[in-house]
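Contents: one structure, followed by commentary.
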Amino acid sequence: MNWEYAPLLVILMFAVLGNNPSVSIAVTALLLIKLVGGDVLFPYIEAHGLHLGITMITMGVLVPIATGRIGMKDIISLVGSVEGVVAMLIGAFVAYAAAQGLPLMQDTPQIVTALIVGTIVGVCFFHGLAVGPLIAAGLVAVLFQLGKLFS
């Protein structure tokens, strides 16, 4: 057996055991690309996959607005509600944190491994979503920044 496939096979096993089709599909696609010699695609996927994924998630979230199920009246009413204000504040914080996480992931490759393992655990066993590494990196970056303030 070629041991370079082992990490992906372990992740696939956890994804199947954790009943997470998103991770199962992603790992299977990567394994197939690797098996057919498509490794030349990996740098492209690595460089653009995150942005493409974020774009697809954003499109999915915006569909109710695009279809008219959520209109301007609904959006304005949310701005005036406690739930809407809390959601906007949390959304703004998470967007800020994610922006802090991207450079952390690029500049500190060793932390990416821990983030990925944590995300796999969260996805497979807690039915989380695989957007976790970027948000987790953002939260780690914000905590590091706070730590610098208090040290």
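Residue numbering restarts at 1 for every chain of the structure tokens, chains are lettered A, B, ... in their displayed order, and ligands are numbered from 1 as they appear.
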
Practice task
Excluding Asn20 of chain A and residues on its chain fewer than 5 positions from it, collect all residues at most 10 Å away from it, counting only C-alpha atoms, and give them as a PyMOL selection string.
Solution key: chain A and resi 12+14-15+25+123-130

Write a file of the selected residues as a PDB file, in the first residue's frame, keeping N, CA and C atoms.
```
ATOM      1  N   LEU A  12     -11.460   9.910   5.415  1.00  0.00           N
ATOM      2  CA  LEU A  12     -12.650   9.339   4.784  1.00  0.00           C
ATOM      3  C   LEU A  12     -13.375   8.397   5.742  1.00  0.00           C
ATOM      4  N   PHE A  14     -13.335   8.515   9.044  1.00  0.00           N
ATOM      5  CA  PHE A  14     -14.017   9.333  10.054  1.00  0.00           C
ATOM      6  C   PHE A  14     -15.259  10.004   9.471  1.00  0.00           C
ATOM      7  N   ALA A  15     -15.164  10.459   8.235  1.00  0.00           N
ATOM      8  CA  ALA A  15     -16.310  11.120   7.601  1.00  0.00           C
ATOM      9  C   ALA A  15     -17.473  10.155   7.433  1.00  0.00           C
ATOM     10  N   ILE A  25     -17.377  13.338   0.294  1.00  0.00           N
ATOM     11  CA  ILE A  25     -17.292  13.703  -1.125  1.00  0.00           C
ATOM     12  C   ILE A  25     -15.973  14.408  -1.413  1.00  0.00           C
ATOM     13  N   VAL A 123     -16.370  18.244  12.346  1.00  0.00           N
ATOM     14  CA  VAL A 123     -17.245  17.863  11.232  1.00  0.00           C
ATOM     15  C   VAL A 123     -17.756  16.441  11.406  1.00  0.00           C
ATOM     16  N   CYS A 124     -16.845  15.546  11.713  1.00  0.00           N
ATOM     17  CA  CYS A 124     -17.217  14.130  11.752  1.00  0.00           C
ATOM     18  C   CYS A 124     -17.997  13.721  12.996  1.00  0.00           C
ATOM     19  N   PHE A 125     -17.681  14.332  14.128  1.00  0.00           N
ATOM     20  CA  PHE A 125     -18.294  13.869  15.364  1.00  0.00           C
ATOM     21  C   PHE A 125     -19.309  14.826  15.974  1.00  0.00           C
ATOM     22  N   PHE A 126     -19.278  16.098  15.555  1.00  0.00           N
ATOM     23  CA  PHE A 126     -20.213  17.067  16.105  1.00  0.00           C
ATOM     24  C   PHE A 126     -21.096  17.666  15.021  1.00  0.00           C
ATOM     25  N   HIS A 127     -21.074  17.045  13.844  1.00  0.00           N
ATOM     26  CA  HIS A 127     -21.884  17.477  12.705  1.00  0.00           C
ATOM     27  C   HIS A 127     -21.673  18.952  12.371  1.00  0.00           C
ATOM     28  N   GLY A 128     -20.405  19.371  12.500  1.00  0.00           N
ATOM     29  CA  GLY A 128     -20.039  20.738  12.132  1.00  0.00           C
ATOM     30  C   GLY A 128     -19.883  20.869  10.631  1.00  0.00           C
ATOM     31  N   LEU A 129     -19.462  22.028  10.203  1.00  0.00           N
ATOM     32  CA  LEU A 129     -19.245  22.293   8.785  1.00  0.00           C
ATOM     33  C   LEU A 129     -17.764  22.544   8.540  1.00  0.00           C
ATOM     34  N   ALA A 130     -17.309  22.168   7.372  1.00  0.00           N
ATOM     35  CA  ALA A 130     -15.888  22.251   7.055  1.00  0.00           C
ATOM     36  C   ALA A 130     -15.396  23.671   6.803  1.00  0.00           C
TER      37      ALA A 130
END
```

Exercise for the section: Extract, using only C-alpha atoms, all DNA, RNA and protein residues at most 10 Å from Leu35 of chain A, discarding same-chain residues fewer than 5 positions from it, and format them as a ChimeraX atom specification. Expected result: /A:5,29-30

Practice task
Would you work out the distance separating atom CA of Gln110 of chain A from atom CA of Ala137 of chain A, expressed in Å to one decimal?
Solution key: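 Atom CA of Gln110 of chain A sits 11.7 Å away from atom CA of Ala137 of chain A.
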
Exercise for the section: Using DSSP on the backbone coordinates, identify the residues of chain A assigned to alpha helix (DSSP H); present them as JSON, numbers by chain. Expected result: {"A": [6, 7, 8, 9, 10, 11, 12, 13, 14, 15, 16, 17, 21, 22, 23, 24, 25, 26, 27, 28, 29, 30, 31, 32, 33, 34, 35, 42, 43, 44, 45, 46, 47, 48, 49, 50, 51, 52, 53, 54, 55, 56, 57, 58, 59, 60, 61, 62, 63, 64, 65, 66, 67, 72, 73, 74, 75, 76, 77, 78, 79, 82, 83, 84, 85, 86, 87, 88, 89, 90, 91, 92, 93, 94, 95, 96, 97, 98, 99, 100, 101, 102, 103, 104, 105, 106, 107, 109, 110, 111, 112, 113, 114, 115, 116, 117, 118, 119, 120, 121, 122, 123, 124, 125, 126, 132, 133, 134, 135, 136, 137, 138, 139, 140, 141, 142, 143, 144, 145, 146, 147, 148, 149]}

Practice task
Can you pull out every residue within 12 Å of Met13 of chain A, counting only C-alpha atoms, but drop anything in the same chain fewer than 2 positions away, and send it as a count of residues only?
Solution key: 22

Completion exercise
Closest of A:Leu32, A:Met59, A:Ile135, A:Ala98 to Leu115 of chain A, counting only C-alpha atoms, is A:Ile135

Exercise for the section: May I ask for the distance between atom CA of Val63 of chain A and atom CA of Leu102 of chain A, given in Å to one decimal place? Expected result: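 Distance between the two atoms: 26.1 Å.
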